[in-house]
$ cat coords.cif   # mmCIF, C-alpha atoms
data_final
loop_
_atom_site.group_PDB
_atom_site.id
_atom_site.type_symbol
_atom_site.label_atom_id
_atom_site.label_comp_id
_atom_site.auth_asym_id
_atom_site.auth_seq_id
_atom_site.Cartn_x
_atom_site.Cartn_y
_atom_site.Cartn_z
ATOM 1 C CA MET U 12 17.032 8.233 13.875
ATOM 2 C CA PRO U 13 13.766 8.992 15.710
ATOM 3 C CA ALA U 14 12.898 12.660 16.119
ATOM 4 C CA PHE U 15 12.744 11.997 19.877
ATOM 5 C CA LYS U 16 13.077 8.966 22.138
ATOM 6 C CA ASN U 17 10.061 6.906 21.196
ATOM 7 C CA ASN U 18 10.637 3.306 22.362
ATOM 8 C CA LEU U 19 9.564 3.668 25.957
ATOM 9 C CA THR U 20 9.078 1.798 29.211
ATOM 10 C CA ARG U 21 5.935 2.119 31.313
ATOM 11 C CA ASP U 22 7.672 4.624 33.589
ATOM 12 C CA GLU U 23 8.640 6.811 30.643
ATOM 13 C CA TYR U 24 5.439 6.745 28.639
ATOM 14 C CA ALA U 25 3.151 9.212 30.418
ATOM 15 C CA ARG U 26 5.902 11.843 30.576
ATOM 16 C CA ALA U 27 6.616 11.405 26.869
ATOM 17 C CA ILE U 28 2.953 12.003 26.005
ATOM 18 C CA GLU U 29 2.979 15.198 28.065
ATOM 19 C CA LYS U 30 6.061 16.351 26.199
ATOM 20 C CA HIS U 31 4.794 15.292 22.743
ATOM 21 C CA PRO U 32 0.990 15.479 22.923
ATOM 22 C CA LYS U 33 0.520 15.404 19.144
ATOM 23 C CA ALA U 34 2.544 12.226 18.636
ATOM 24 C CA LYS U 35 0.814 9.039 17.576
ATOM 25 C CA ARG U 36 0.569 6.405 20.302
ATOM 26 C CA ALA U 37 1.174 2.655 19.958
ATOM 27 C CA ILE U 38 1.748 -0.308 22.228
ATOM 28 C CA CYS U 39 3.802 -3.409 21.402
ATOM 29 C CA PHE U 40 2.509 -6.222 23.610
ATOM 30 C CA GLY U 41 3.775 -9.728 23.132
ATOM 31 C CA ASP U 42 6.675 -12.115 22.965
ATOM 32 C CA SER U 43 10.335 -12.118 21.943
ATOM 33 C CA TRP U 44 9.597 -10.834 18.443
ATOM 34 C CA PHE U 45 8.830 -7.578 20.267
ATOM 35 C CA GLN U 46 11.554 -7.923 22.923
ATOM 36 C CA TYR U 47 14.520 -9.998 21.809
ATOM 37 C CA VAL U 48 17.085 -9.821 24.586
ATOM 38 C CA PRO U 49 19.839 -8.675 24.389
ATOM 39 C CA HIS U 50 19.968 -7.601 20.734
ATOM 40 C CA PRO U 51 18.553 -4.263 19.482
ATOM 41 C CA THR U 52 16.976 -6.085 16.541
ATOM 42 C CA ASP U 53 13.398 -7.011 17.388
ATOM 43 C CA LEU U 54 10.292 -5.697 15.639
ATOM 44 C CA ASN U 55 9.466 -3.190 18.386
ATOM 45 C CA LYS U 56 12.833 -1.476 17.932
ATOM 46 C CA GLN U 57 12.675 -1.694 14.136
ATOM 47 C CA LEU U 58 9.230 -0.106 14.057
ATOM 48 C CA ALA U 59 10.262 2.674 16.429
ATOM 49 C CA ARG U 60 12.945 3.593 13.890
ATOM 50 C CA LEU U 61 10.526 3.410 10.969
ATOM 51 C CA PHE U 62 7.890 5.579 12.677
ATOM 52 C CA PRO U 63 9.910 8.276 14.496
ATOM 53 C CA ASN U 64 6.874 10.401 15.355
ATOM 54 C CA THR U 65 5.056 7.615 17.179
ATOM 55 C CA LEU U 66 5.447 6.896 20.880
ATOM 56 C CA PHE U 67 5.764 3.125 21.355
ATOM 57 C CA LEU U 68 4.987 1.635 24.758
ATOM 58 C CA ARG U 69 7.267 -1.385 25.158
ATOM 59 C CA GLU U 70 5.409 -4.373 26.615
ATOM 60 C CA GLY U 71 7.276 -7.263 24.994
ATOM 61 C CA LEU U 72 8.657 -10.149 27.033
ATOM 62 C CA ALA U 73 11.030 -12.814 25.743
ATOM 63 C CA GLY U 74 9.479 -16.252 26.095
ATOM 64 C CA ARG U 75 6.015 -14.901 26.804
ATOM 65 C CA ASP U 76 3.519 -17.755 26.796
ATOM 66 C CA SER U 77 -0.187 -17.906 27.503
ATOM 67 C CA ALA U 78 0.327 -17.807 31.292
ATOM 68 C CA THR U 79 2.522 -14.690 31.250
ATOM 69 C CA TRP U 80 0.197 -13.100 28.667
ATOM 70 C CA LYS U 81 -2.748 -13.543 31.021
ATOM 71 C CA ALA U 82 -0.755 -12.222 33.994
ATOM 72 C CA ALA U 83 -0.114 -8.974 32.113
ATOM 73 C CA LEU U 84 -3.702 -8.434 30.933
ATOM 74 C CA PRO U 85 -4.899 -6.217 33.826
ATOM 75 C CA ARG U 86 -2.012 -3.845 33.144
ATOM 76 C CA ILE U 87 -2.643 -3.885 29.382
ATOM 77 C CA GLN U 88 -6.301 -3.103 29.990
ATOM 78 C CA ARG U 89 -5.299 -0.055 32.054
ATOM 79 C CA HIS U 90 -2.911 1.067 29.308
ATOM 80 C CA ILE U 91 -5.650 0.875 26.674
ATOM 81 C CA GLU U 92 -8.112 2.766 28.865
ATOM 82 C CA THR U 93 -5.541 5.444 29.747
ATOM 83 C CA TYR U 94 -3.724 6.038 26.466
ATOM 84 C CA ARG U 95 -6.326 5.155 23.801
ATOM 85 C CA PHE U 96 -3.619 4.068 21.395
ATOM 86 C CA HIS U 97 -3.829 4.707 17.680
ATOM 87 C CA ALA U 98 -2.349 1.224 17.146
ATOM 88 C CA ILE U 99 -2.247 -1.879 19.351
ATOM 89 C CA LEU U 100 0.407 -4.288 18.093
ATOM 90 C CA LEU U 101 0.165 -7.872 19.349
ATOM 91 C CA SER U 102 2.669 -10.698 18.964
ATOM 92 C CA THR U 103 1.685 -14.042 20.400
ATOM 93 C CA GLY U 104 1.137 -17.646 19.384
ATOM 94 C CA GLY U 105 4.622 -18.460 18.137
ATOM 95 C CA ASN U 106 5.650 -20.217 21.329
ATOM 96 C CA ASP U 107 2.343 -22.102 21.349
ATOM 97 C CA ILE U 108 2.625 -23.241 17.722
ATOM 98 C CA VAL U 109 6.314 -23.839 16.902
ATOM 99 C CA GLY U 110 8.037 -23.083 20.195
ATOM 100 C CA GLU U 111 8.472 -24.940 23.436
ATOM 101 C CA GLU U 112 4.821 -26.057 23.443
ATOM 102 C CA LEU U 113 5.404 -28.126 20.303
ATOM 103 C CA GLN U 114 6.465 -31.098 22.416
ATOM 104 C CA GLU U 115 2.930 -31.293 23.798
ATOM 105 C CA PHE U 116 1.343 -32.232 20.472
ATOM 106 C CA VAL U 117 3.950 -34.240 18.572
ATOM 107 C CA LYS U 118 3.493 -38.003 18.210
ATOM 108 C CA THR U 119 5.074 -41.095 16.775
ATOM 109 C CA PRO U 120 3.332 -42.682 13.739
ATOM 110 C CA GLU U 121 1.939 -45.592 15.718
ATOM 111 C CA MET U 122 0.227 -43.391 18.313
ATOM 112 C CA PRO U 123 -3.529 -42.922 17.734
ATOM 113 C CA GLN U 124 -4.711 -39.868 15.835
ATOM 114 C CA SER U 125 -7.782 -37.739 16.472
ATOM 115 C CA VAL U 126 -8.332 -34.938 13.976
ATOM 116 C CA GLY U 127 -10.598 -32.867 16.234
ATOM 117 C CA SER U 128 -13.130 -30.479 14.721
ATOM 118 C CA MET U 129 -10.979 -28.060 12.730
ATOM 119 C CA PRO U 130 -11.510 -27.858 8.936
ATOM 120 C CA TRP U 131 -7.916 -28.845 8.208
ATOM 121 C CA GLY U 132 -8.386 -29.613 4.541
ATOM 122 C CA ALA U 133 -5.690 -31.788 2.980
ATOM 123 C CA ILE U 134 -3.284 -32.976 5.677
ATOM 124 C CA PRO U 135 0.277 -33.883 4.632
ATOM 125 C CA PRO U 136 1.192 -37.443 5.678
ATOM 126 C CA GLU U 137 4.079 -36.111 7.796
ATOM 127 C CA VAL U 138 1.593 -34.038 9.765
ATOM 128 C CA ARG U 139 -0.915 -36.871 10.078
ATOM 129 C CA ASP U 140 1.785 -39.187 11.426
ATOM 130 C CA HIS U 141 3.545 -36.770 13.798
ATOM 131 C CA ILE U 142 1.099 -34.107 15.027
ATOM 132 C CA ARG U 143 -1.717 -34.833 17.458
ATOM 133 C CA LEU U 144 -4.258 -32.742 15.605
ATOM 134 C CA GLU U 145 -6.816 -32.458 18.367
ATOM 135 C CA SER U 146 -4.149 -31.228 20.787
ATOM 136 C CA PHE U 147 -2.847 -28.778 18.195
ATOM 137 C CA GLU U 148 -6.408 -27.539 17.702
ATOM 138 C CA HIS U 149 -6.541 -26.703 21.412
ATOM 139 C CA ALA U 150 -3.258 -24.765 21.109
ATOM 140 C CA LEU U 151 -4.661 -22.726 18.235
ATOM 141 C CA ARG U 152 -7.839 -21.941 20.128
ATOM 142 C CA PHE U 153 -5.876 -20.854 23.207
ATOM 143 C CA ALA U 154 -3.725 -18.535 21.083
ATOM 144 C CA ILE U 155 -6.771 -16.884 19.503
ATOM 145 C CA ALA U 156 -8.495 -16.638 22.894
ATOM 146 C CA ASP U 157 -5.519 -14.717 24.274
ATOM 147 C CA LEU U 158 -5.758 -12.225 21.413
ATOM 148 C CA LYS U 159 -9.519 -11.964 21.834
ATOM 149 C CA GLN U 160 -9.169 -10.705 25.403
ATOM 150 C CA VAL U 161 -7.135 -7.703 24.271
ATOM 151 C CA VAL U 162 -9.533 -6.996 21.410
ATOM 152 C CA GLN U 163 -12.407 -6.986 23.901
ATOM 153 C CA PHE U 164 -10.537 -4.452 26.057
ATOM 154 C CA ARG U 165 -10.106 -2.333 22.931
ATOM 155 C CA ASP U 166 -13.781 -2.637 21.996
ATOM 156 C CA ARG U 167 -14.896 -1.343 25.393
ATOM 157 C CA ALA U 168 -12.349 1.398 26.052
ATOM 158 C CA SER U 169 -10.966 2.562 22.702
ATOM 159 C CA PRO U 170 -12.890 1.155 19.717
ATOM 160 C CA GLU U 171 -11.133 3.470 17.280
ATOM 161 C CA SER U 172 -7.752 1.867 18.062
ATOM 162 C CA VAL U 173 -6.516 -0.420 15.270
ATOM 163 C CA VAL U 174 -5.268 -3.836 16.394
ATOM 164 C CA PHE U 175 -2.466 -5.494 14.411
ATOM 165 C CA VAL U 176 -1.597 -9.200 14.649
ATOM 166 C CA HIS U 177 0.955 -11.184 12.662
ATOM 167 C CA THR U 178 1.776 -14.623 11.299
ATOM 168 C CA TYR U 179 5.526 -14.906 12.037
ATOM 169 C CA ASP U 180 7.346 -16.720 9.186
ATOM 170 C CA TYR U 181 8.316 -20.214 8.056
ATOM 171 C CA ILE U 182 11.041 -21.481 10.368
ATOM 172 C CA PHE U 183 13.966 -23.838 9.807
ATOM 173 C CA PRO U 184 14.070 -26.613 12.475
ATOM 174 C CA ASN U 185 17.866 -26.880 12.560
ATOM 175 C CA GLY U 186 18.580 -27.273 16.272
ATOM 176 C CA LYS U 187 20.384 -23.935 16.556
ATOM 177 C CA PRO U 188 20.063 -22.745 20.173
ATOM 178 C CA PHE U 189 19.201 -19.317 21.488
ATOM 179 C CA LYS U 190 22.325 -17.689 22.906
ATOM 180 C CA LEU U 191 22.470 -15.123 25.681
ATOM 181 C CA GLY U 192 26.125 -14.186 25.879
ATOM 182 C CA PRO U 193 28.050 -17.379 26.678
ATOM 183 C CA ILE U 194 24.877 -19.227 27.724
ATOM 184 C CA LYS U 195 23.153 -21.518 25.232
ATOM 185 C CA PHE U 196 19.519 -22.495 25.673
ATOM 186 C CA LYS U 197 18.017 -25.747 24.443
ATOM 187 C CA PRO U 198 16.537 -25.413 20.929
ATOM 188 C CA TRP U 199 12.789 -25.674 20.641
ATOM 189 C CA VAL U 200 11.755 -27.491 17.496
ATOM 190 C CA LYS U 201 14.204 -30.058 16.128
ATOM 191 C CA PRO U 202 14.563 -31.988 19.436
ATOM 192 C CA ALA U 203 10.781 -32.348 19.708
ATOM 193 C CA LEU U 204 10.504 -33.661 16.139
ATOM 194 C CA ASP U 205 13.560 -35.895 16.434
ATOM 195 C CA ALA U 206 12.051 -37.426 19.586
ATOM 196 C CA VAL U 207 9.089 -38.760 17.573
ATOM 197 C CA ARG U 208 11.366 -40.084 14.814
ATOM 198 C CA LEU U 209 10.701 -37.284 12.342
ATOM 199 C CA THR U 210 14.344 -36.590 11.515
ATOM 200 C CA ASP U 211 14.367 -35.720 7.813
ATOM 201 C CA PRO U 212 14.987 -31.922 7.561
ATOM 202 C CA LYS U 213 12.698 -31.539 4.547
ATOM 203 C CA LYS U 214 9.872 -33.381 6.263
ATOM 204 C CA GLN U 215 10.419 -31.401 9.453
ATOM 205 C CA ARG U 216 9.989 -28.202 7.447
ATOM 206 C CA ILE U 217 6.820 -29.548 5.823
ATOM 207 C CA VAL U 218 5.351 -30.020 9.294
ATOM 208 C CA THR U 219 6.399 -26.655 10.730
ATOM 209 C CA THR U 220 5.277 -24.806 7.596
ATOM 210 C CA TRP U 221 1.874 -26.461 7.859
ATOM 211 C CA LEU U 222 1.618 -25.498 11.547
ATOM 212 C CA VAL U 223 2.393 -21.847 10.767
ATOM 213 C CA ASP U 224 -0.155 -21.883 7.942
ATOM 214 C CA GLN U 225 -2.883 -23.198 10.243
ATOM 215 C CA PHE U 226 -2.140 -20.432 12.728
ATOM 216 C CA ALA U 227 -2.344 -17.889 9.892
ATOM 217 C CA ARG U 228 -5.678 -19.323 8.784
ATOM 218 C CA GLU U 229 -7.128 -18.931 12.263
ATOM 219 C CA LEU U 230 -5.749 -15.385 12.502
ATOM 220 C CA GLN U 231 -7.313 -14.488 9.154
ATOM 221 C CA ALA U 232 -10.709 -15.753 10.340
ATOM 222 C CA PHE U 233 -10.408 -13.881 13.640
ATOM 223 C CA VAL U 234 -9.399 -10.610 11.963
ATOM 224 C CA SER U 235 -12.287 -10.900 9.492
ATOM 225 C CA GLN U 236 -14.744 -11.125 12.392
ATOM 226 C CA ASN U 237 -13.614 -7.949 14.174
ATOM 227 C CA PRO U 238 -13.599 -4.305 13.079
ATOM 228 C CA ASN U 239 -10.406 -2.248 13.098
ATOM 229 C CA MET U 240 -8.111 -5.273 12.934
ATOM 230 C CA ILE U 241 -5.305 -5.844 10.439
ATOM 231 C CA LEU U 242 -3.318 -9.016 9.807
ATOM 232 C CA VAL U 243 0.366 -8.569 8.989
ATOM 233 C CA ASP U 244 1.186 -11.649 6.917
ATOM 234 C CA SER U 245 4.962 -12.112 6.920
ATOM 235 C CA ARG U 246 5.031 -15.734 5.750
ATOM 236 C CA GLY U 247 7.610 -16.346 3.048
ATOM 237 C CA THR U 248 9.543 -13.129 3.729
ATOM 238 C CA LEU U 249 12.675 -14.873 5.004
ATOM 239 C CA LYS U 250 13.536 -17.488 2.407
ATOM 240 C CA THR U 251 16.923 -18.789 3.590
ATOM 241 C CA GLU U 252 18.183 -20.427 6.734
ATOM 242 C CA ALA U 253 20.910 -17.778 6.973
ATOM 243 C CA GLN U 254 18.236 -15.188 7.736
ATOM 244 C CA TRP U 255 17.505 -16.921 11.049
ATOM 245 C CA GLU U 256 19.686 -16.602 14.139
ATOM 246 C CA ASN U 257 18.150 -19.690 15.712
ATOM 247 C CA GLU U 258 15.085 -21.838 15.176
ATOM 248 C CA ILE U 259 12.445 -19.168 15.812
ATOM 249 C CA HIS U 260 14.228 -15.775 15.793
ATOM 250 C CA PRO U 261 15.513 -13.958 12.693
ATOM 251 C CA VAL U 262 18.895 -12.275 12.540
ATOM 252 C CA ALA U 263 18.926 -8.466 12.752
ATOM 253 C CA LYS U 264 18.577 -8.084 8.985
ATOM 254 C CA GLY U 265 15.723 -10.573 9.033
ATOM 255 C CA PHE U 266 13.768 -8.585 11.605
ATOM 256 C CA GLU U 267 14.532 -5.447 9.606
ATOM 257 C CA LYS U 268 13.224 -7.005 6.386
ATOM 258 C CA ILE U 269 9.998 -8.163 8.008
ATOM 259 C CA ALA U 270 9.500 -4.740 9.593
ATOM 260 C CA LYS U 271 10.074 -2.863 6.320
ATOM 261 C CA ASP U 272 8.382 -5.245 3.903
ATOM 262 C CA CYS U 273 5.397 -6.355 5.976
ATOM 263 C CA TRP U 274 4.737 -4.157 8.998
ATOM 264 C CA LYS U 275 5.552 -0.725 7.559
ATOM 265 C CA PRO U 276 2.992 -0.887 4.708
ATOM 266 C CA ALA U 277 0.320 -2.084 7.127
ATOM 267 C CA LEU U 278 1.016 0.603 9.730
ATOM 268 C CA THR U 279 1.556 3.585 7.443
ATOM 269 C CA SER U 280 -2.119 4.468 7.297
ATOM 270 C CA VAL U 281 -2.251 4.717 11.110
ATOM 271 C CA LEU U 282 1.179 5.843 12.374
ATOM 272 C CA LYS U 283 3.805 8.429 11.471
#
$ encode --input "coords.cif" --output "structure tokens"
Amino acid sequence: MPAFKNNLTRDEYARAIEKHPKAKRAICFGDSWFQYVPHPTDLNKQLARLFPNTLFLREGLAGRDSATWKAALPRIQRHIETYRFHAILLSTGGNDIVGEELQEFVKTPEMPQSVGSMPWGAIPPEVRDHIRLESFEHALRFAIADLKQVVQFRDRASPESVVFVHTYDYIFPNGKPFKLGPIKFKPWVKPALDAVRLTDPKKQRIVTTWLVDQFARELQAFVSQNPNMILVDSRGTLKTEAQWENEIHPVAKGFEKIAKDCWKPALTSVLK
């Protein structure tokens, strides 16, 4: 258990710093991997348990996309200027790459293909036939641009803060919906792939794995170009479908494994 309450809302954070001025300070800003309603399983909560002497400012939002990311940026800028965090943890891009946005860049085989300007390397035939590569390129660039804005805030106001970004993991497009109590929400990935006649589960996983790898490649390049940035690469951590609660969210033990195996080693040099 944490030595003191350390997973905090905006209203709680300033008071907690006054009470524990020597505690490390971190912010978790991002999507449902940092705020997975209603379960106490997400990475933000796991990391607060792993680092009991760090005050975590909770700024996750389930379903956060590029629009809601941008809407929050003025507040995040103020947080960085005010609290000069030891660690800035960012989680974004998942919804843009293998979430609801996927339907914007899938295609049937007979639709025209434009590869864009990305250095894709070898492209699996399933990807060539079913992903509009130029549109996917735009999605990748938007995801990196969103991260870049926060890094620029850090550079101006708190250059010593270490920024952490992550790759998510290889998903299973099985059509399992997100559940909120008795309410079931439409799954993200399998319906989009089925709609363009990519129905083979193995081929669906080839495509989604490739998409995640391209996102990781862009993250690696971005991190290499900026000081005080660390990439948490969690690809391949969850190896079975049973470790996923639905198409893009792990079960509690899955989040715990990613937090312990991937995030904890990366954060240990900065947090306590």
$ atom_distance --input "coords.cif" --atom1 "CA of Val223 in chain U" --atom2 "CA of Gln236 in chain U"
20.3 Å
$ closest_atom_pairs --input "coords.cif" --of "range 132-251 of chain U" --to "range 79-103 of chain U" --cutoff "9 Å" --atoms "only C-alpha atoms" --output "CSV"
residue,atom,partner,partner_atom,distance
U:Ala154,CA,U:Thr103,CA,7.1
U:Ile155,CA,U:Thr103,CA,9.0
U:Asp157,CA,U:Lys81,CA,7.4
U:Leu158,CA,U:Leu101,CA,7.6
U:Gln160,CA,U:Leu84,CA,8.1
U:Val161,CA,U:Gln88,CA,7.4
U:Phe164,CA,U:Gln88,CA,5.9
U:Arg165,CA,U:Ile91,CA,6.6
U:Arg167,CA,U:Glu92,CA,8.7
U:Ala168,CA,U:Glu92,CA,5.3
U:Ser169,CA,U:Arg95,CA,5.4
U:Pro170,CA,U:Arg95,CA,8.7
U:Glu171,CA,U:His97,CA,7.4
U:Ser172,CA,U:His97,CA,4.9
U:Val173,CA,U:Ala98,CA,4.9
U:Val174,CA,U:Ile99,CA,4.7
U:Phe175,CA,U:Leu100,CA,4.8
U:Val176,CA,U:Leu101,CA,5.2
U:His177,CA,U:Ser102,CA,6.5
U:Thr178,CA,U:Ser102,CA,8.7
U:Tyr179,CA,U:Ser102,CA,8.6
$ closest_atom_pairs --input "coords.cif" --of "range 239-270 of chain U" --to "range 107-127 of chain U" --cutoff "12 Å" --atoms "all atoms listed in the file" --output "tab-separated table"
residue	atom	partner	partner_atom	distance
U:Asn257	CA	U:Gly110	CA	11.6
U:Glu258	CA	U:Gly110	CA	8.7
U:Ile259	CA	U:Gly110	CA	7.3
U:His260	CA	U:Gly110	CA	10.5
$ closest_residue --input "coords.cif" --among "U:Leu249, U:Leu144, U:Leu230, U:Ile241" --to "Trp131 in chain U" --atoms "only C-alpha atoms"
U:Leu144
$ resolve_selection --input "coords.cif" --expression "the PyMOL selection byres ((chain U and resi 48) around 12)" --output "PDB file with C-alpha atoms, in the frame of the given file"
ATOM      1  CA  ASP U  42       6.675 -12.115  22.965  1.00  0.00           C
ATOM      2  CA  SER U  43      10.335 -12.118  21.943  1.00  0.00           C
ATOM      3  CA  TRP U  44       9.597 -10.834  18.443  1.00  0.00           C
ATOM      4  CA  PHE U  45       8.830  -7.578  20.267  1.00  0.00           C
ATOM      5  CA  GLN U  46      11.554  -7.923  22.923  1.00  0.00           C
ATOM      6  CA  TYR U  47      14.520  -9.998  21.809  1.00  0.00           C
ATOM      7  CA  PRO U  49      19.839  -8.675  24.389  1.00  0.00           C
ATOM      8  CA  HIS U  50      19.968  -7.601  20.734  1.00  0.00           C
ATOM      9  CA  PRO U  51      18.553  -4.263  19.482  1.00  0.00           C
ATOM     10  CA  THR U  52      16.976  -6.085  16.541  1.00  0.00           C
ATOM     11  CA  ASP U  53      13.398  -7.011  17.388  1.00  0.00           C
ATOM     12  CA  LEU U  54      10.292  -5.697  15.639  1.00  0.00           C
ATOM     13  CA  ASN U  55       9.466  -3.190  18.386  1.00  0.00           C
ATOM     14  CA  LYS U  56      12.833  -1.476  17.932  1.00  0.00           C
ATOM     15  CA  GLY U  71       7.276  -7.263  24.994  1.00  0.00           C
ATOM     16  CA  LEU U  72       8.657 -10.149  27.033  1.00  0.00           C
ATOM     17  CA  ALA U  73      11.030 -12.814  25.743  1.00  0.00           C
ATOM     18  CA  GLY U  74       9.479 -16.252  26.095  1.00  0.00           C
ATOM     19  CA  PHE U 189      19.201 -19.317  21.488  1.00  0.00           C
ATOM     20  CA  LYS U 190      22.325 -17.689  22.906  1.00  0.00           C
ATOM     21  CA  LEU U 191      22.470 -15.123  25.681  1.00  0.00           C
ATOM     22  CA  GLY U 192      26.125 -14.186  25.879  1.00  0.00           C
ATOM     23  CA  HIS U 260      14.228 -15.775  15.793  1.00  0.00           C
TER      24      HIS U 260
END
$ closest_residue --input "coords.cif" --among "U:Glu256, U:Gly105, U:Gly132, U:Asp272" --to "Lys187 in chain U" --atoms "only C-alpha atoms"
U:Glu256
$ closest_residue --input "coords.cif" --among "U:Pro63, U:Ser280, U:Glu145, U:Arg21" --to "Pro130 in chain U" --atoms "only C-alpha atoms"
U:Glu145
$ atom_distance --input "coords.cif" --atom1 "CA of Arg75 in chain U" --atom2 "CA of Gly104 in chain U"
9.3 Å
$ atom_distance --input "coords.cif" --atom1 "CA of Asp76 in chain U" --atom2 "CA of Phe40 in chain U"
12.0 Å
$ closest_residue --input "coords.cif" --among "U:Ile182, U:Ala37, U:Met129, U:Leu282" --to "Ala253 in chain U" --atoms "all atoms listed in the file"
U:Ile182
$ residues_near_point --input "coords.cif" --point "(10.6, -40.8, 17.2)" --cutoff "9 Å" --atoms "all atoms listed in the file" --output "PDB file with C-alpha atoms, keeping the file's coordinate frame"
ATOM      1  CA  LYS U 118       3.493 -38.003  18.210  1.00  0.00           C
ATOM      2  CA  THR U 119       5.074 -41.095  16.775  1.00  0.00           C
ATOM      3  CA  PRO U 120       3.332 -42.682  13.739  1.00  0.00           C
ATOM      4  CA  HIS U 141       3.545 -36.770  13.798  1.00  0.00           C
ATOM      5  CA  ALA U 203      10.781 -32.348  19.708  1.00  0.00           C
ATOM      6  CA  LEU U 204      10.504 -33.661  16.139  1.00  0.00           C
ATOM      7  CA  ASP U 205      13.560 -35.895  16.434  1.00  0.00           C
ATOM      8  CA  ALA U 206      12.051 -37.426  19.586  1.00  0.00           C
ATOM      9  CA  VAL U 207       9.089 -38.760  17.573  1.00  0.00           C
ATOM     10  CA  ARG U 208      11.366 -40.084  14.814  1.00  0.00           C
ATOM     11  CA  LEU U 209      10.701 -37.284  12.342  1.00  0.00           C
ATOM     12  CA  THR U 210      14.344 -36.590  11.515  1.00  0.00           C
TER      13      THR U 210
END
$ axis_aligned_box --input "coords.cif" --around "range 161-169 of chain U" --padding-each-side "6 Å" --output "JSON"
{"center_x": -11.0, "center_y": -2.6, "center_z": 23.7, "size_x": 19.8, "size_y": 22.3, "size_z": 16.6}
$ decode --input "coords.cif" --residues "range 205-239 of chain U" --atoms "C-alpha atoms" --output "short mmCIF file (atom, residue, chain, number, x, y, z; two decimals), in the first residue's frame"
data_model
loop_
_atom_site.label_atom_id
_atom_site.label_comp_id
_atom_site.auth_asym_id
_atom_site.auth_seq_id
_atom_site.Cartn_x
_atom_site.Cartn_y
_atom_site.Cartn_z
CA ASP U 205 -14.64 -7.54 -41.17
CA ALA U 206 -16.27 -4.66 -43.08
CA VAL U 207 -13.43 -4.70 -45.64
CA ARG U 208 -13.56 -8.50 -45.95
CA LEU U 209 -10.51 -9.20 -43.81
CA THR U 210 -12.13 -11.87 -41.64
CA ASP U 211 -9.38 -14.41 -40.99
CA PRO U 212 -8.31 -13.98 -37.31
CA LYS U 213 -4.66 -14.73 -38.06
CA LYS U 214 -4.57 -12.20 -40.88
CA GLN U 215 -6.37 -9.64 -38.74
CA ARG U 216 -3.64 -10.03 -36.12
CA ILE U 217 -0.93 -9.66 -38.76
CA VAL U 218 -2.43 -6.29 -39.69
CA THR U 219 -2.92 -4.98 -36.15
CA THR U 220 0.55 -6.14 -35.09
CA TRP U 221 2.05 -4.30 -38.04
CA LEU U 222 0.10 -1.14 -37.14
CA VAL U 223 1.37 -1.24 -33.55
CA ASP U 224 4.92 -1.79 -34.79
CA GLN U 225 4.74 1.25 -37.06
CA PHE U 226 3.55 3.37 -34.16
CA ALA U 227 6.45 2.05 -32.06
CA ARG U 228 8.90 2.89 -34.83
CA GLU U 229 7.68 6.47 -34.97
CA LEU U 230 7.84 6.74 -31.18
CA GLN U 231 11.41 5.43 -31.17
CA ALA U 232 12.43 8.07 -33.73
CA PHE U 233 10.68 10.83 -31.79
CA VAL U 234 12.26 9.82 -28.47
CA SER U 235 15.72 9.67 -30.07
CA GLN U 236 15.34 13.28 -31.23
CA ASN U 237 14.50 14.75 -27.81
CA PRO U 238 16.48 14.88 -24.56
CA ASN U 239 15.06 13.48 -21.33
#
